[in-house]
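J.: This is target.cif (mmCIF, C-alpha atoms, pLDDT in the B column; chains and numbers go by the auth columns).
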```cif
data_input
loop_
_atom_site.group_PDB
_atom_site.id
_atom_site.type_symbol
_atom_site.label_atom_id
_atom_site.label_comp_id
_atom_site.label_asym_id
_atom_site.label_seq_id
_atom_site.Cartn_x
_atom_site.Cartn_y
_atom_site.Cartn_z
_atom_site.B_iso_or_equiv
_atom_site.auth_seq_id
_atom_site.auth_asym_id
ATOM 1 C CA MET A 1 -21.208 -5.342 31.867 46.00 1 A
ATOM 2 C CA THR A 2 -20.311 -5.606 28.207 57.00 2 A
ATOM 3 C CA ASP A 3 -17.641 -3.834 26.196 60.00 3 A
ATOM 4 C CA ILE A 4 -18.187 -0.931 23.839 63.00 4 A
ATOM 5 C CA THR A 5 -18.831 -2.426 20.391 67.00 5 A
ATOM 6 C CA THR A 6 -15.796 -1.998 18.174 69.00 6 A
ATOM 7 C CA ILE A 7 -16.150 -2.501 14.410 67.00 7 A
ATOM 8 C CA TRP A 8 -13.574 -2.931 11.650 68.00 8 A
ATOM 9 C CA ASN A 9 -13.796 -0.954 8.413 67.00 9 A
ATOM 10 C CA GLY A 10 -11.772 -3.011 5.948 63.00 10 A
ATOM 11 C CA GLU A 11 -11.891 -0.462 3.138 67.00 11 A
ATOM 12 C CA GLN A 12 -10.333 2.246 5.308 65.00 12 A
ATOM 13 C CA SER A 13 -8.298 -0.176 7.471 64.00 13 A
ATOM 14 C CA VAL A 14 -9.519 1.387 10.708 67.00 14 A
ATOM 15 C CA GLY A 15 -11.417 0.289 13.776 66.00 15 A
ATOM 16 C CA ASP A 16 -14.040 2.469 15.395 67.00 16 A
ATOM 17 C CA TRP A 17 -16.687 2.391 18.076 66.00 17 A
ATOM 18 C CA GLN A 18 -20.245 1.838 16.939 66.00 18 A
ATOM 19 C CA ILE A 19 -22.814 4.512 17.730 66.00 19 A
ATOM 20 C CA GLY A 20 -26.572 4.009 17.894 67.00 20 A
ATOM 21 C CA GLN A 21 -29.238 6.521 18.849 65.00 21 A
ATOM 22 C CA GLY A 22 -26.679 9.049 20.065 61.00 22 A
ATOM 23 C CA ASP A 23 -24.770 6.679 22.357 59.00 23 A
ATOM 24 C CA LEU A 24 -21.975 4.124 22.115 52.00 24 A
ATOM 25 C CA LEU A 25 -23.373 0.631 21.595 49.00 25 A
ATOM 26 C CA SER A 26 -22.186 -2.254 23.742 56.00 26 A
ATOM 27 C CA GLY A 27 -21.894 -5.957 23.092 58.00 27 A
ATOM 28 C CA SER A 28 -19.891 -8.144 20.683 65.00 28 A
ATOM 29 C CA ASP A 29 -17.282 -8.693 23.392 78.00 29 A
ATOM 30 C CA LEU A 30 -15.426 -11.458 21.538 85.00 30 A
ATOM 31 C CA GLU A 31 -15.131 -9.451 18.329 83.00 31 A
ATOM 32 C CA THR A 32 -14.006 -6.384 20.285 82.00 32 A
ATOM 33 C CA ALA A 33 -11.308 -8.472 22.003 86.00 33 A
ATOM 34 C CA ILE A 34 -10.192 -9.812 18.610 88.00 34 A
ATOM 35 C CA LEU A 35 -10.035 -6.345 17.047 86.00 35 A
ATOM 36 C CA ILE A 36 -7.986 -4.950 19.925 85.00 36 A
ATOM 37 C CA SER A 37 -5.711 -7.994 19.870 90.00 37 A
ATOM 38 C CA LEU A 38 -5.106 -7.841 16.109 90.00 38 A
ATOM 39 C CA PHE A 39 -5.082 -4.138 15.347 86.00 39 A
ATOM 40 C CA THR A 40 -3.271 -2.624 18.313 87.00 40 A
ATOM 41 C CA ASP A 41 0.465 -2.434 17.635 88.00 41 A
ATOM 42 C CA ARG A 42 2.410 -4.863 19.810 91.00 42 A
ATOM 43 C CA LEU A 43 5.997 -4.008 20.669 87.00 43 A
ATOM 44 C CA ALA A 44 8.336 -5.306 17.982 86.00 44 A
ATOM 45 C CA ARG A 45 10.914 -7.820 19.122 86.00 45 A
ATOM 46 C CA ALA A 46 14.575 -6.874 18.919 84.00 46 A
ATOM 47 C CA ASP A 47 15.020 -9.269 15.963 88.00 47 A
ATOM 48 C CA ASP A 48 12.014 -7.898 13.989 85.00 48 A
ATOM 49 C CA ASP A 49 12.528 -5.761 10.885 84.00 49 A
ATOM 50 C CA TYR A 50 11.172 -2.249 11.594 84.00 50 A
ATOM 51 C CA ASP A 51 12.034 1.327 10.593 79.00 51 A
ATOM 52 C CA GLY A 52 14.237 3.446 12.802 80.00 52 A
ATOM 53 C CA ASP A 53 14.027 3.209 16.575 81.00 53 A
ATOM 54 C CA ASP A 54 10.233 3.055 16.955 82.00 54 A
ATOM 55 C CA ARG A 55 9.270 -0.441 18.100 85.00 55 A
ATOM 56 C CA ARG A 56 5.717 0.824 18.856 84.00 56 A
ATOM 57 C CA GLY A 57 3.868 -1.111 21.546 81.00 57 A
ATOM 58 C CA TRP A 58 2.142 0.147 24.677 75.00 58 A
ATOM 59 C CA TRP A 59 3.874 1.253 27.887 72.00 59 A
ATOM 60 C CA GLY A 60 1.290 -0.638 29.962 70.00 60 A
ATOM 61 C CA ASP A 61 2.671 -3.936 28.672 75.00 61 A
ATOM 62 C CA SER A 62 5.759 -3.642 30.865 75.00 62 A
ATOM 63 C CA GLY A 63 5.876 -6.839 32.894 76.00 63 A
ATOM 64 C CA ALA A 64 2.555 -8.132 31.495 76.00 64 A
ATOM 65 C CA ASP A 65 2.087 -11.859 30.818 79.00 65 A
ATOM 66 C CA TYR A 66 0.593 -11.044 27.411 78.00 66 A
ATOM 67 C CA PRO A 67 1.440 -7.872 25.537 85.00 67 A
ATOM 68 C CA ILE A 68 -1.599 -6.219 23.972 85.00 68 A
ATOM 69 C CA GLY A 69 -1.855 -6.198 20.193 90.00 69 A
ATOM 70 C CA SER A 70 -0.103 -7.907 17.330 92.00 70 A
ATOM 71 C CA ARG A 71 2.952 -7.515 15.187 92.00 71 A
ATOM 72 C CA LEU A 72 0.825 -7.374 12.015 92.00 72 A
ATOM 73 C CA TRP A 73 1.884 -3.736 11.613 89.00 73 A
ATOM 74 C CA LEU A 74 5.347 -4.994 10.654 91.00 74 A
ATOM 75 C CA LEU A 75 3.930 -6.489 7.446 90.00 75 A
ATOM 76 C CA HIS A 76 2.725 -3.244 5.878 84.00 76 A
ATOM 77 C CA ARG A 77 6.209 -2.600 4.529 80.00 77 A
ATOM 78 C CA GLN A 78 6.497 -6.101 3.074 88.00 78 A
ATOM 79 C CA LYS A 79 5.686 -7.255 -0.410 90.00 79 A
ATOM 80 C CA LEU A 80 2.492 -9.338 -0.491 92.00 80 A
ATOM 81 C CA THR A 81 3.793 -12.905 -0.922 94.00 81 A
ATOM 82 C CA PRO A 82 2.875 -16.351 0.438 95.00 82 A
ATOM 83 C CA ALA A 83 5.622 -15.877 3.060 95.00 83 A
ATOM 84 C CA THR A 84 3.990 -12.609 4.171 93.00 84 A
ATOM 85 C CA ALA A 85 0.610 -14.353 4.411 95.00 85 A
ATOM 86 C CA THR A 86 2.157 -17.102 6.543 96.00 86 A
ATOM 87 C CA ARG A 87 3.766 -14.513 8.798 95.00 87 A
ATOM 88 C CA ALA A 88 0.364 -12.792 9.161 95.00 88 A
ATOM 89 C CA GLU A 89 -1.090 -16.119 10.388 96.00 89 A
ATOM 90 C CA THR A 90 1.779 -16.477 12.870 96.00 90 A
ATOM 91 C CA TYR A 91 1.373 -12.926 14.189 95.00 91 A
ATOM 92 C CA ALA A 92 -2.408 -13.306 14.506 96.00 92 A
ATOM 93 C CA THR A 93 -2.038 -16.626 16.339 96.00 93 A
ATOM 94 C CA GLU A 94 0.434 -15.009 18.735 95.00 94 A
ATOM 95 C CA ALA A 95 -1.930 -12.067 19.354 94.00 95 A
ATOM 96 C CA LEU A 96 -4.971 -14.277 20.025 95.00 96 A
ATOM 97 C CA GLN A 97 -3.295 -16.971 22.136 95.00 97 A
ATOM 98 C CA TRP A 98 -4.459 -15.293 25.348 92.00 98 A
ATOM 99 C CA LEU A 99 -8.080 -16.117 24.415 94.00 99 A
ATOM 100 C CA VAL A 100 -7.236 -19.834 24.490 95.00 100 A
ATOM 101 C CA ASP A 101 -5.075 -19.604 27.602 94.00 101 A
ATOM 102 C CA ASP A 102 -7.794 -17.697 29.494 92.00 102 A
ATOM 103 C CA GLY A 103 -10.491 -20.187 28.437 93.00 103 A
ATOM 104 C CA VAL A 104 -12.487 -17.649 26.419 91.00 104 A
ATOM 105 C CA VAL A 105 -12.260 -20.004 23.409 94.00 105 A
ATOM 106 C CA SER A 106 -11.118 -23.610 23.075 95.00 106 A
ATOM 107 C CA THR A 107 -9.330 -23.266 19.746 95.00 107 A
ATOM 108 C CA VAL A 108 -8.399 -20.624 17.201 95.00 108 A
ATOM 109 C CA THR A 109 -7.820 -21.460 13.538 96.00 109 A
ATOM 110 C CA ILE A 110 -6.445 -18.777 11.250 96.00 110 A
ATOM 111 C CA THR A 111 -6.212 -18.980 7.473 95.00 111 A
ATOM 112 C CA THR A 112 -5.066 -16.356 5.008 95.00 112 A
ATOM 113 C CA GLN A 113 -5.700 -15.949 1.325 94.00 113 A
ATOM 114 C CA ILE A 114 -3.969 -13.619 -1.102 94.00 114 A
ATOM 115 C CA VAL A 115 -6.214 -12.060 -3.709 91.00 115 A
ATOM 116 C CA TYR A 116 -3.770 -10.664 -6.238 86.00 116 A
ATOM 117 C CA PRO A 117 -2.589 -8.107 -6.821 84.00 117 A
ATOM 118 C CA SER A 118 -3.087 -6.292 -3.553 87.00 118 A
ATOM 119 C CA ARG A 119 -5.415 -7.842 -0.954 89.00 119 A
ATOM 120 C CA LEU A 120 -4.886 -10.254 1.935 92.00 120 A
ATOM 121 C CA TYR A 121 -7.887 -11.930 3.545 92.00 121 A
ATOM 122 C CA MET A 122 -7.706 -13.476 6.995 93.00 122 A
ATOM 123 C CA GLN A 123 -10.379 -15.752 8.379 95.00 123 A
ATOM 124 C CA ILE A 124 -10.399 -16.528 12.085 95.00 124 A
ATOM 125 C CA VAL A 125 -12.526 -19.422 13.348 95.00 125 A
ATOM 126 C CA PHE A 126 -13.053 -19.954 17.076 92.00 126 A
ATOM 127 C CA LEU A 127 -14.444 -22.919 18.912 93.00 127 A
ATOM 128 C CA LYS A 128 -15.983 -21.741 22.167 90.00 128 A
ATOM 129 C CA PRO A 129 -15.937 -23.857 25.350 90.00 129 A
ATOM 130 C CA ASP A 130 -19.598 -24.832 24.713 92.00 130 A
ATOM 131 C CA ASN A 131 -18.527 -26.160 21.252 91.00 131 A
ATOM 132 C CA ALA A 132 -20.288 -23.331 19.395 92.00 132 A
ATOM 133 C CA SER A 133 -18.148 -21.837 16.651 93.00 133 A
ATOM 134 C CA SER A 134 -17.723 -18.271 15.477 90.00 134 A
ATOM 135 C CA SER A 135 -15.801 -16.830 12.583 92.00 135 A
ATOM 136 C CA PHE A 136 -14.613 -13.395 11.551 89.00 136 A
ATOM 137 C CA LYS A 137 -13.065 -12.237 8.292 89.00 137 A
ATOM 138 C CA TYR A 138 -10.729 -9.282 7.843 85.00 138 A
ATOM 139 C CA SER A 139 -8.880 -7.875 4.853 83.00 139 A
ATOM 140 C CA TRP A 140 -5.915 -5.620 4.249 78.00 140 A
ATOM 141 C CA VAL A 141 -5.068 -3.734 1.098 71.00 141 A
ATOM 142 C CA TRP A 142 -1.447 -3.426 0.088 69.00 142 A
ATOM 143 C CA GLU A 143 -0.776 -0.048 -1.507 58.00 143 A
ATOM 144 C CA LYS A 144 2.404 -1.060 -3.337 48.00 144 A
#
```
Here is a file; write its structure as structure tokens.
T.:
Amino acid sequence: MTDITTIWNGEQSVGDWQIGQGDLLSGSDLETAILISLFTDRLARADDDYDGDDRRGWWGDSGADYPIGSRLWLLHRQKLTPATATRAETYATEALQWLVDDGVVSTVTITTQIVYPSRLYMQIVFLKPDNASSSFKYSWVWEK
């Protein structure tokens, strides 16, 4: 059985399920796993910089080997700089590590690019166990 197809709308910065002929479409399991891993808010660490007392995260992560999601949400308050882009790569690598550890992919390579004044592109390239490669590109718009 395949997953419900999840798509990313970069202009609105939202994920959604794809509908076709009055029903939810299925397939694109790897991209769905990537979207959930990147765009679900992982619990902030105690040493992370976040507002107030809300560390976000998901209650189901209690005791889990791999928390769901990423800490990319922490960057929305940051100024778009090379250091922010590097941190985005680090957070994305952390969020996708489970794919390597579970043998879904052999390697993950993440690169970011700042397009001034207000856009960050992230390209994710995967090498699958059969040596086929896949890539996905996402973008964020800074509203500052």
J.: Quick one: residues within 7 Å of stretch 32-45 of chain A, only C-alpha atoms, excluding same-chain residues fewer than 6 positions away - as a VMD selection string?
T.: chain A and resid 5 to 6 55 to 58 67 to 71 73 92 95 to 96
J.: List the neighbours of stretch 118-131 of chain A out to 6 Å using all atoms listed in the file; skip same-chain residues closer than 4 positions along the sequence, and give me the result as a ChimeraX atom specification.
T.: /A:105-114,135-142
J.: Could you work out how far atom CA of A:Asp47 lies from atom CA of A:Leu74, giving the answer in Å with one decimal?
T.: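 Distance reported for this atom pair: 11.8 Å.
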J.: Tell me which residues the PyMOL selection byres ((chain A and resi 80) around 9) grabs here, as a compact mmCIF listing (two decimals) with C-alpha atoms, keeping the file's coordinate frame.
T.:
```
# COMPACT_ATOMS: atom_id res chain seq x y z
CA LEU A 75 3.93 -6.49 7.45
CA HIS A 76 2.72 -3.24 5.88
CA GLN A 78 6.50 -6.10 3.07
CA LYS A 79 5.69 -7.26 -0.41
CA THR A 81 3.79 -12.90 -0.92
CA PRO A 82 2.88 -16.35 0.44
CA ALA A 83 5.62 -15.88 3.06
CA THR A 84 3.99 -12.61 4.17
CA ALA A 85 0.61 -14.35 4.41
CA ILE A 114 -3.97 -13.62 -1.10
CA TYR A 116 -3.77 -10.66 -6.24
CA PRO A 117 -2.59 -8.11 -6.82
CA SER A 118 -3.09 -6.29 -3.55
CA ARG A 119 -5.42 -7.84 -0.95
CA LEU A 120 -4.89 -10.25 1.94
CA TRP A 142 -1.45 -3.43 0.09
CA LYS A 144 2.40 -1.06 -3.34
```
J.: Atom CA of A:Gln97 to atom CA of A:Gly52: how many Å, to one decimal?
T.: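 Those two atoms sit 28.5 Å apart.
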J.: Put the listed atoms of stretch 45-56 of chain A in a box along x, y and z with 5 Å added on every side and give me the centre and edge lengths in Å to one decimal, as lines of an AutoDock Vina configuration file.
T.:
```
center_x = 10.4
center_y = -2.9
center_z = 14.9
size_x = 19.3
size_y = 22.7
size_z = 18.5
```
J.: When you draw a straight line from atom CA of A:Leu72 to atom CA of A:Arg87, how long is it in Å?
T.: 8.4 Å
J.: How would you write as a list in words the residues that get within 9 Å of (-3.8, -11.9, 29.2) in the file's frame, counting only C-alpha atoms?
T.: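 Within 9 Å of (-3.8, -11.9, 29.2), the protein and nucleic acid residues are Ala64, Asp65, Tyr66, Pro67, Ile68, Gln97, Trp98, Leu99, Asp101 and Asp102 of chain A.
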J.: Which is closer to A:Leu30 than all the others in A:Thr90, A:Trp59, A:Ser133, A:Val104, using only C-alpha atoms?
T.: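 Nearest candidate to A:Leu30 out of A:Thr90, A:Trp59, A:Ser133, A:Val104: A:Val104.
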J.: Between A:Gly103, A:Glu89, A:Glu94, A:Arg77, single out the one closest to A:Asp49, counting all atoms listed in the file.
T.: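 Between A:Gly103, A:Glu89, A:Glu94, A:Arg77, the residue approaching A:Asp49 most closely is A:Arg77.
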J.: Please, could N, CA and C atoms be added to stretch 103-117 of chain A and the result written as a CSV table (one decimal), in the frame of the given file?
T.:
```csv
chain,number,residue,atom,x,y,z
A,103,GLY,N,-9.3,-19.4,28.5
A,103,GLY,CA,-10.5,-20.2,28.4
A,103,GLY,C,-11.7,-19.5,27.8
A,104,VAL,N,-11.4,-18.4,27.1
A,104,VAL,CA,-12.5,-17.6,26.4
A,104,VAL,C,-12.9,-18.5,25.2
A,105,VAL,N,-12.0,-19.1,24.5
A,105,VAL,CA,-12.3,-20.0,23.4
A,105,VAL,C,-11.4,-21.3,23.6
A,106,SER,N,-11.9,-22.4,23.0
A,106,SER,CA,-11.1,-23.6,23.1
A,106,SER,C,-10.0,-23.7,22.0
A,107,THR,N,-10.3,-23.2,20.8
A,107,THR,CA,-9.3,-23.3,19.7
A,107,THR,C,-9.5,-22.0,18.9
A,108,VAL,N,-8.4,-21.7,18.2
A,108,VAL,CA,-8.4,-20.6,17.2
A,108,VAL,C,-7.7,-21.2,16.0
A,109,THR,N,-8.4,-21.0,14.8
A,109,THR,CA,-7.8,-21.5,13.5
A,109,THR,C,-7.8,-20.2,12.6
A,110,ILE,N,-6.6,-20.0,12.1
A,110,ILE,CA,-6.4,-18.8,11.2
A,110,ILE,C,-6.0,-19.2,9.9
A,111,THR,N,-6.6,-18.7,8.8
A,111,THR,CA,-6.2,-19.0,7.5
A,111,THR,C,-6.1,-17.7,6.7
A,112,THR,N,-5.2,-17.6,5.8
A,112,THR,CA,-5.1,-16.4,5.0
A,112,THR,C,-5.2,-16.7,3.5
A,113,GLN,N,-5.6,-15.8,2.8
A,113,GLN,CA,-5.7,-15.9,1.3
A,113,GLN,C,-5.3,-14.7,0.6
A,114,ILE,N,-4.4,-14.8,-0.3
A,114,ILE,CA,-4.0,-13.6,-1.1
A,114,ILE,C,-4.9,-13.5,-2.3
A,115,VAL,N,-5.4,-12.3,-2.5
A,115,VAL,CA,-6.2,-12.1,-3.7
A,115,VAL,C,-5.4,-11.0,-4.5
A,116,TYR,N,-4.7,-11.5,-5.5
A,116,TYR,CA,-3.8,-10.7,-6.2
A,116,TYR,C,-4.5,-9.6,-7.0
A,117,PRO,N,-4.0,-8.4,-7.1
A,117,PRO,CA,-2.6,-8.1,-6.8
A,117,PRO,C,-2.4,-7.5,-5.4
```
